[in-house]
$ cat coords_9.txt   # compact mmCIF, C-alpha atoms and all ligand atoms
# COMPACT_ATOMS: atom_id res chain seq x y z
CA ASN A 1166 25.32 31.62 30.21
CA LEU A 1167 24.45 28.99 27.71
CA SER A 1168 24.60 25.35 28.28
CA LEU A 1169 23.93 22.82 25.66
CA ILE A 1170 22.76 19.43 26.68
CA VAL A 1171 23.09 16.94 23.91
CA LYS A 1172 20.65 14.16 24.46
CA PRO A 1173 21.96 10.88 23.08
CA ALA A 1174 19.58 9.51 20.48
CA MET A 1175 17.25 6.94 21.98
CA ARG A 1176 17.76 3.48 20.62
CA GLU A 1177 14.56 2.13 19.14
CA GLU A 1178 14.46 -0.86 21.47
CA ASP A 1179 14.61 1.47 24.48
CA LEU A 1180 11.52 3.39 23.46
CA PRO A 1181 8.19 2.54 25.07
CA PHE A 1182 5.67 0.78 22.86
CA CYS A 1183 3.19 3.05 21.14
CA PRO A 1184 -0.25 3.05 22.77
CA GLU A 1185 -2.81 0.66 21.33
CA LYS A 1186 -4.79 3.63 20.07
CA SER A 1187 -2.76 6.51 18.70
CA PRO A 1188 -3.53 9.82 20.45
CA LEU A 1189 -2.91 11.59 17.13
CA ILE A 1190 -5.98 10.13 15.45
CA ASN A 1191 -8.61 12.74 14.65
CA GLY A 1192 -11.33 10.98 12.69
CA PRO A 1193 -12.66 12.32 9.39
CA PHE A 1194 -10.76 15.02 7.54
CA ARG A 1195 -11.59 17.04 4.47
CA VAL A 1196 -9.74 16.05 1.32
CA THR A 1197 -9.20 19.09 -0.88
CA PHE A 1198 -6.49 19.34 -3.47
CA PRO A 1199 -4.19 22.34 -3.15
CA PRO A 1200 -3.67 23.61 -6.68
CA MET A 1201 -0.10 23.84 -8.02
CA LEU A 1202 1.20 21.46 -5.38
CA THR A 1203 4.70 20.20 -6.17
CA MET A 1204 6.41 17.01 -5.04
CA ALA A 1205 9.11 19.20 -3.45
CA GLU A 1206 6.42 20.77 -1.24
CA VAL A 1207 5.13 17.35 -0.24
CA GLU A 1208 8.71 16.45 0.71
CA GLN A 1209 9.06 19.63 2.79
CA LYS A 1210 5.87 18.83 4.65
CA ASN A 1211 7.23 15.40 5.58
CA PRO A 1212 10.66 16.06 7.09
CA PHE A 1213 10.68 12.86 9.16
CA VAL A 1214 10.17 10.51 6.24
CA ARG A 1215 13.43 8.78 5.34
CA ALA A 1216 14.73 7.75 1.92
CA GLY A 1217 12.52 5.23 0.20
CA GLY A 1218 9.40 6.61 1.91
CA ARG A 1219 10.17 4.96 5.25
CA TYR A 1220 8.99 6.17 8.66
CA LYS A 1221 8.98 5.12 12.30
CA PRO A 1222 7.40 7.11 15.12
CA PRO A 1223 10.18 9.10 16.83
CA ASP A 1224 8.96 8.66 20.40
CA CYS A 1225 7.55 5.15 20.60
CA GLN A 1226 8.04 1.69 19.15
CA SER A 1227 5.30 0.76 16.76
CA THR A 1228 4.07 -2.82 16.85
CA HIS A 1229 2.92 -2.50 13.23
CA ARG A 1230 5.18 -2.76 10.18
CA THR A 1231 3.01 -1.86 7.21
CA ALA A 1232 4.13 -1.70 3.58
CA ILE A 1233 1.90 0.19 1.15
CA ILE A 1234 2.09 -1.26 -2.37
CA ILE A 1235 0.86 1.04 -5.14
CA PRO A 1236 0.74 -0.12 -8.79
CA HIS A 1237 1.54 2.78 -11.06
CA ARG A 1238 2.04 4.06 -14.59
CA ASN A 1239 1.54 7.61 -15.87
CA ARG A 1240 -0.49 8.88 -12.92
CA GLU A 1241 1.94 11.46 -11.54
CA GLN A 1242 -0.79 13.87 -10.38
CA HIS A 1243 -2.67 11.15 -8.53
CA LEU A 1244 0.53 9.94 -6.94
CA LYS A 1245 1.55 13.38 -5.71
CA TYR A 1246 -1.80 14.05 -4.04
CA LEU A 1247 -1.97 10.57 -2.58
CA LEU A 1248 1.47 11.00 -0.97
CA TYR A 1249 0.44 14.44 0.29
CA PHE A 1250 -2.40 12.89 2.30
CA LEU A 1251 -1.07 9.41 2.97
CA HIS A 1252 2.21 10.24 4.74
CA PRO A 1253 0.64 12.42 7.47
CA PHE A 1254 -2.26 9.95 7.73
CA LEU A 1255 0.08 7.02 8.42
CA GLN A 1256 2.14 9.10 10.84
CA ARG A 1257 -0.96 9.99 12.84
CA GLN A 1258 -1.54 6.24 13.19
CA GLN A 1259 1.99 5.84 14.64
CA LEU A 1260 2.93 3.12 12.19
CA ASN A 1261 6.32 1.87 11.14
CA TYR A 1262 5.69 2.01 7.40
CA GLY A 1263 7.16 2.12 3.90
CA ILE A 1264 5.58 3.20 0.63
CA TYR A 1265 6.37 1.26 -2.55
CA ILE A 1266 5.45 2.40 -6.04
CA ILE A 1267 5.47 -0.48 -8.49
CA HIS A 1268 5.85 1.08 -11.88
CA GLN A 1269 5.02 -1.05 -14.91
CA ALA A 1270 7.65 -0.38 -17.59
CA GLY A 1271 6.70 -0.12 -21.24
CA ASN A 1272 3.35 0.26 -22.96
CA TYR A 1273 1.86 -3.18 -22.75
CA THR A 1274 -1.55 -3.55 -21.11
CA PHE A 1275 -1.52 -2.69 -17.42
CA ASN A 1276 -1.74 -5.56 -14.96
CA ARG A 1277 -2.65 -4.38 -11.48
CA ALA A 1278 -2.63 -7.72 -9.66
CA LYS A 1279 0.71 -8.84 -11.09
CA LEU A 1280 2.26 -5.54 -10.03
CA LEU A 1281 0.91 -6.16 -6.53
CA ASN A 1282 2.59 -9.59 -6.54
CA VAL A 1283 5.88 -7.97 -7.55
CA GLY A 1284 5.44 -5.36 -4.82
CA PHE A 1285 4.93 -8.02 -2.19
CA LYS A 1286 8.00 -9.99 -3.22
CA GLU A 1287 10.29 -6.98 -3.53
CA ALA A 1288 9.11 -5.26 -0.34
CA MET A 1289 9.66 -8.43 1.70
CA LYS A 1290 13.32 -8.35 0.62
CA ASP A 1291 13.72 -5.02 2.47
CA GLU A 1292 12.00 -5.72 5.74
CA ASP A 1293 9.93 -8.28 7.60
CA TRP A 1294 6.67 -6.41 7.01
CA SER A 1295 3.79 -7.63 9.15
CA CYS A 1296 1.09 -6.18 6.92
CA MET A 1297 0.73 -5.25 3.25
CA PHE A 1298 -1.71 -2.63 1.99
CA TYR A 1299 -2.53 -3.06 -1.71
CA HIS A 1300 -3.50 0.43 -2.73
CA ASP A 1301 -4.88 2.04 -5.88
CA VAL A 1302 -3.11 5.30 -6.73
CA ASP A 1303 -6.38 7.20 -7.16
CA LEU A 1304 -7.89 6.55 -3.74
CA ILE A 1305 -7.28 8.79 -0.73
CA PRO A 1306 -8.38 7.86 2.78
CA GLU A 1307 -10.73 10.37 4.42
CA ASP A 1308 -10.79 9.18 8.03
CA ASP A 1309 -7.72 8.20 10.02
CA ARG A 1310 -9.72 5.75 12.13
CA ASN A 1311 -9.43 3.51 9.07
CA LEU A 1312 -6.30 1.86 10.42
CA TYR A 1313 -3.65 0.70 7.97
CA THR A 1314 -2.97 -2.42 10.04
CA CYS A 1315 -3.75 -6.07 9.41
CA ASP A 1316 -6.31 -8.23 11.16
CA LYS A 1317 -6.93 -11.89 11.74
CA TYR A 1318 -8.65 -12.05 8.36
CA PRO A 1319 -7.85 -10.30 5.07
CA LYS A 1320 -9.32 -6.83 5.23
CA HIS A 1321 -11.04 -4.63 2.69
CA ALA A 1322 -10.27 -1.01 3.55
CA SER A 1323 -12.06 0.93 0.79
CA ILE A 1324 -15.54 0.06 1.99
CA ALA A 1325 -17.07 3.46 1.26
CA MET A 1326 -15.92 5.38 -1.81
CA ASP A 1327 -17.23 8.70 -3.08
CA LYS A 1328 -17.76 7.37 -6.61
CA PHE A 1329 -20.02 4.64 -5.21
CA GLY A 1330 -21.98 7.07 -3.00
CA TYR A 1331 -20.00 5.88 0.04
CA LYS A 1332 -21.35 2.36 -0.29
CA LEU A 1333 -19.99 -0.87 -1.70
CA PRO A 1334 -20.78 -1.30 -5.43
CA TYR A 1335 -21.62 -4.95 -4.66
CA LYS A 1336 -21.36 -7.13 -1.60
CA THR A 1337 -18.19 -9.04 -2.49
CA TYR A 1338 -16.27 -6.02 -3.83
CA PHE A 1339 -12.61 -6.29 -2.78
CA GLY A 1340 -11.00 -3.68 -5.05
CA GLY A 1341 -9.39 -0.35 -4.28
CA VAL A 1342 -7.52 -0.82 -1.00
CA SER A 1343 -7.10 -4.16 0.74
CA ALA A 1344 -4.78 -5.55 3.40
CA LEU A 1345 -3.33 -8.97 4.09
CA THR A 1346 -0.58 -10.33 6.29
CA PRO A 1347 2.27 -12.09 4.44
CA GLU A 1348 0.97 -15.40 5.85
CA GLN A 1349 -2.54 -14.81 4.53
CA TYR A 1350 -1.11 -13.76 1.19
CA MET A 1351 1.11 -16.80 0.72
CA LYS A 1352 -1.64 -19.14 1.86
CA MET A 1353 -3.72 -18.04 -1.13
CA ASN A 1354 -0.70 -18.10 -3.49
CA GLY A 1355 -0.80 -14.30 -3.77
CA PHE A 1356 -2.83 -12.73 -6.53
CA PRO A 1357 -3.51 -13.87 -10.12
CA ASN A 1358 -0.98 -12.79 -12.78
CA ASN A 1359 -3.28 -13.23 -15.74
CA TYR A 1360 -5.72 -10.32 -15.57
CA TRP A 1361 -4.41 -7.88 -18.16
CA GLY A 1362 -6.30 -4.60 -18.44
CA TRP A 1363 -9.20 -3.28 -16.37
CA GLY A 1364 -11.32 -5.41 -14.06
CA GLY A 1365 -11.82 -8.86 -12.64
CA GLU A 1366 -8.59 -9.33 -10.71
CA ASP A 1367 -10.07 -8.05 -7.44
CA ASP A 1368 -13.05 -10.38 -7.77
CA ASP A 1369 -10.66 -13.28 -8.37
CA ILE A 1370 -8.74 -12.29 -5.24
CA ALA A 1371 -11.93 -12.11 -3.20
CA ILE A 1372 -12.97 -15.55 -4.40
CA ARG A 1373 -9.60 -17.04 -3.41
CA PHE A 1374 -10.70 -16.80 0.22
CA ASN A 1375 -13.42 -19.36 -0.17
CA MET A 1376 -12.12 -20.97 -3.34
CA LEU A 1377 -15.23 -20.75 -5.45
CA ALA A 1378 -15.85 -20.89 -9.18
CA LYS A 1379 -12.99 -20.57 -11.63
CA THR A 1380 -10.28 -19.71 -9.18
CA ARG A 1381 -10.92 -23.00 -7.40
CA ARG A 1382 -9.25 -24.63 -10.39
CA THR A 1383 -6.60 -22.01 -11.11
CA TRP A 1384 -5.33 -20.45 -7.90
CA LYS A 1385 -2.58 -23.03 -7.35
CA GLN A 1386 -1.27 -22.58 -10.90
CA ASP A 1387 -1.50 -18.82 -11.08
CA GLY A 1388 0.05 -16.70 -8.38
CA MET A 1389 3.28 -16.20 -6.53
CA ASN A 1390 4.59 -19.61 -7.57
CA THR A 1391 4.35 -18.87 -11.30
CA MET A 1392 5.19 -15.20 -11.48
CA GLU A 1393 7.94 -14.06 -13.88
CA TYR A 1394 9.26 -10.52 -14.01
CA GLU A 1395 12.42 -8.48 -14.19
CA VAL A 1396 13.18 -5.52 -11.95
CA LEU A 1397 14.70 -2.78 -14.13
CA SER A 1398 15.45 -0.33 -11.33
CA LYS A 1399 14.90 0.28 -7.65
CA GLU A 1400 15.27 3.85 -6.44
CA PHE A 1401 14.98 5.15 -2.90
CA ARG A 1402 13.22 8.44 -3.55
CA PRO A 1403 12.48 10.84 -0.67
CA LEU A 1404 8.81 9.87 -0.35
CA TYR A 1405 8.71 6.34 -1.76
CA THR A 1406 10.68 3.42 -3.08
CA ASN A 1407 10.24 3.28 -6.84
CA ILE A 1408 10.47 -0.14 -8.40
CA THR A 1409 10.29 -0.22 -12.18
CA VAL A 1410 9.46 -3.66 -13.46
CA ASP A 1411 9.05 -5.48 -16.74
CA ILE A 1412 6.15 -7.87 -16.25
CA GLY A 1413 5.85 -8.87 -19.90
CA SER A 1414 2.55 -8.93 -21.75
CA GLU A 1415 -0.47 -11.07 -22.33
CA LYS A 1416 0.40 -14.31 -24.13
C1 LIG A 1501 -16.57 -5.03 -11.47
C2 LIG A 1501 -15.19 -5.53 -11.86
C3 LIG A 1501 -14.22 -5.20 -10.75
C4 LIG A 1501 -14.23 -3.69 -10.47
C5 LIG A 1501 -15.67 -3.27 -10.14
C6 LIG A 1501 -15.80 -1.78 -9.86
O1 LIG A 1501 -17.48 -5.28 -12.47
O2 LIG A 1501 -12.92 -5.60 -11.15
O3 LIG A 1501 -16.52 -3.63 -11.20
O4 LIG A 1501 -15.34 -1.09 -10.96
N1 LIG A 1501 -15.24 -6.98 -12.08
C7 LIG A 1501 -15.04 -7.57 -13.28
O5 LIG A 1501 -14.75 -6.94 -14.30
C8 LIG A 1501 -15.23 -9.06 -13.33
S1 LIG A 1501 -15.27 0.49 -10.96
O6 LIG A 1501 -16.62 0.99 -10.77
O7 LIG A 1501 -14.38 0.89 -9.86
O8 LIG A 1501 -14.69 0.90 -12.25
O9 LIG A 1501 -13.37 -3.37 -9.39

$ encode --input "coords_9.txt" --output "structure tokens"
Amino acid sequence: NLSLIVKPAMREEDLPFCPEKSPLINGPFRVTFPPMLTMAEVEQKNPFVRAGGRYKPPDCQSTHRTAIIIPHRNREQHLKYLLYFLHPFLQRQQLNYGIYIIHQAGNYTFNRAKLLNVGFKEAMKDEDWSCMFYHDVDLIPEDDRNLYTCDKYPKHASIAMDKFGYKLPYKTYFGGVSALTPEQYMKMNGFPNNYWGWGGEDDDIAIRFNMLAKTRRTWKQDGMNTMEYEVLSKEFRPLYTNITVDIGSEK
């Protein structure tokens, strides 16, 4: 005798809220890179991630809607390993999340901060995200108590990195991984668009909080209100949304 009971799918609004602290959080974990890993294997290991790299906890309503914005060009290996660790990490935190890769088209000088601005604007068209994580492609979190949620103040998440001996390189360092709410972000006119090539943009961003030095004169004229770009494609890949963008070049 077999009976099959088909449970109707729970509507999201009927689910209980997720607990304040996720029971799935374990603390530190060892980051080792499985050799020969393929993107297909990363997909197989993440069966609950939906197209565009979107996820919601199946059994509770998350109060956090976090978008991860990752500037990218020609770093396929880094991206694959980051996704391999990041998806399970975010799921253990019971977040409603989406991962966005902002791919700079062409061969002009890379511009990290402008790509982050594009990521913010494009991601907000998809969903009313409550928190944005601005994330380098070559950084992997090592402890899931480092919550990918936003706070009352802008937050610097990469406060201890292996290449800096697990310390900050300098006190005001704001590079690597940082998090702001959309309100915080718009209040500071987003990030600067005019740092082409390596370095400086994160220091400019940090200074926007207290409006010191050069950015005191420039932040209102250089940011979300002056940004020009053209989206060339937007693809909903299994593990991330891929936005390819032409951001121009240094004048
Ligand atoms: C500073 C850069 C930052 C950079 C930091 C760490 O000097 O953009 O080094 O760099 N500031 C300027 O160039 C003004 S790192 O060691 O990660 O290569 O994030």

$ closest_residue --input "coords_9.txt" --among "A:Asp1308, A:Glu1177, A:Asp1301, A:Asp1316" --to "ligand LIG 1501 (chain A)" --atoms "only C-alpha atoms and all ligand atoms"
A:Asp1301

$ residues_near_ligand --input "coords_9.txt" --ligand "ligand LIG 1501 (chain A)" --cutoff "12 Å" --atoms "all atoms listed in the file" --output "PyMOL selection string"
chain A and resi 1276-1278+1301+1303-1304+1323-1330+1332-1343+1360-1372+1379

$ closest_residue --input "coords_9.txt" --among "A:Cys1296, A:Ala1270, A:Pro1357, A:Leu1244" --to "Ser1398 in chain A" --atoms "all atoms listed in the file"
A:Ala1270

$ closest_residue --input "coords_9.txt" --among "A:Pro1319, A:Gly1192, A:Pro1173, A:Gly1218" --to "Ile1233 in chain A" --atoms "only C-alpha atoms"
A:Gly1218

$ residues_around --input "coords_9.txt" --residues "Gly1388 in chain A" --least-positions-apart "5" --cutoff "6 Å" --atoms "all atoms listed in the file" --output "MDAnalysis selection string"
chainID A and resid 1354:1358

$ closest_residue --input "coords_9.txt" --among "A:Met1392, A:Cys1315, A:Ile1408, A:Leu1248" --to "Glu1206 in chain A" --atoms "all atoms listed in the file"
A:Leu1248

$ residues_around --input "coords_9.txt" --residues "Leu1397 in chain A" --least-positions-apart "6" --cutoff "7 Å" --atoms "all atoms listed in the file" --output "list in words"
Thr1409, Val1410 and Asp1411 of chain A

$ residues_around --input "coords_9.txt" --residues "Tyr1273 in chain A" --least-positions-apart "5" --cutoff "9 Å" --atoms "only C-alpha atoms" --output "PyMOL selection string"
chain A and resi 1413-1415

$ residues_around --input "coords_9.txt" --residues "Lys1399 in chain A" --least-positions-apart "4" --cutoff "12 Å" --atoms "all atoms listed in the file" --output "PyMOL selection string"
chain A and resi 1217+1265-1268+1284+1287-1288+1291+1395+1405-1410

$ atom_distance --input "coords_9.txt" --atom1 "CA of Met1297 in chain A" --atom2 "CA of Thr1346 in chain A"
6.1 Å

$ closest_residue --input "coords_9.txt" --among "A:Glu1307, A:Arg1238, A:Gln1226, A:Gln1256" --to "Tyr1331 in chain A" --atoms "all atoms listed in the file"
A:Glu1307

$ atom_distance --input "coords_9.txt" --atom1 "CA of Phe1250 in chain A" --atom2 "CA of Pro1306 in chain A"
7.8 Å

$ atom_distance --input "coords_9.txt" --atom1 "CA of Asn1211 in chain A" --atom2 "CA of Tyr1249 in chain A"
8.7 Å

$ decode --input "coords_9.txt" --residues "range 1215-1230 of chain A" --atoms "N, CA and C atoms" --output "mmCIF file, in the first residue's frame"
data_model
loop_
_atom_site.group_PDB
_atom_site.id
_atom_site.type_symbol
_atom_site.label_atom_id
_atom_site.label_comp_id
_atom_site.auth_asym_id
_atom_site.auth_seq_id
_atom_site.Cartn_x
_atom_site.Cartn_y
_atom_site.Cartn_z
ATOM 1 N N ARG A 1215 18.593 29.516 -7.870
ATOM 2 C CA ARG A 1215 17.788 29.708 -9.081
ATOM 3 C C ARG A 1215 18.530 30.576 -10.095
ATOM 4 N N ALA A 1216 17.984 30.599 -11.315
ATOM 5 C CA ALA A 1216 18.630 31.314 -12.420
ATOM 6 C C ALA A 1216 18.993 32.736 -12.013
ATOM 7 N N GLY A 1217 20.161 33.159 -12.421
ATOM 8 C CA GLY A 1217 20.638 34.492 -12.067
ATOM 9 C C GLY A 1217 21.358 34.504 -10.732
ATOM 10 N N GLY A 1218 21.571 33.298 -10.141
ATOM 11 C CA GLY A 1218 22.284 33.231 -8.861
ATOM 12 C C GLY A 1218 21.450 33.708 -7.693
ATOM 13 N N ARG A 1219 20.151 33.422 -7.741
ATOM 14 C CA ARG A 1219 19.225 33.894 -6.703
ATOM 15 C C ARG A 1219 18.887 32.760 -5.737
ATOM 16 N N TYR A 1220 18.666 33.109 -4.485
ATOM 17 C CA TYR A 1220 18.345 32.091 -3.467
ATOM 18 C C TYR A 1220 17.521 32.706 -2.344
ATOM 19 N N LYS A 1221 16.578 31.905 -1.853
ATOM 20 C CA LYS A 1221 15.847 32.232 -0.625
ATOM 21 C C LYS A 1221 15.834 30.974 0.220
ATOM 22 N N PRO A 1222 15.927 31.094 1.529
ATOM 23 C CA PRO A 1222 15.845 29.886 2.360
ATOM 24 C C PRO A 1222 14.508 29.185 2.111
ATOM 25 N N PRO A 1223 14.505 27.848 2.002
ATOM 26 C CA PRO A 1223 13.272 27.137 1.670
ATOM 27 C C PRO A 1223 12.274 27.084 2.821
ATOM 28 N N ASP A 1224 12.764 27.179 4.061
ATOM 29 C CA ASP A 1224 11.876 26.891 5.197
ATOM 30 C C ASP A 1224 11.626 28.080 6.112
ATOM 31 N N CYS A 1225 12.145 29.228 5.755
ATOM 32 C CA CYS A 1225 11.848 30.424 6.562
ATOM 33 C C CYS A 1225 11.990 31.676 5.705
ATOM 34 N N GLN A 1226 11.344 32.734 6.149
ATOM 35 C CA GLN A 1226 11.416 34.010 5.442
ATOM 36 C C GLN A 1226 12.588 34.812 5.952
ATOM 37 N N SER A 1227 13.506 35.118 5.074
ATOM 38 C CA SER A 1227 14.658 35.904 5.498
ATOM 39 C C SER A 1227 14.267 37.373 5.576
ATOM 40 N N THR A 1228 14.815 38.067 6.568
ATOM 41 C CA THR A 1228 14.542 39.501 6.668
ATOM 42 C C THR A 1228 15.626 40.293 5.938
ATOM 43 N N HIS A 1229 16.582 39.573 5.346
ATOM 44 C CA HIS A 1229 17.694 40.246 4.664
ATOM 45 C C HIS A 1229 17.646 39.969 3.161
ATOM 46 N N ARG A 1230 17.707 41.032 2.367
ATOM 47 C CA ARG A 1230 17.810 40.879 0.917
ATOM 48 C C ARG A 1230 19.145 41.483 0.481
#
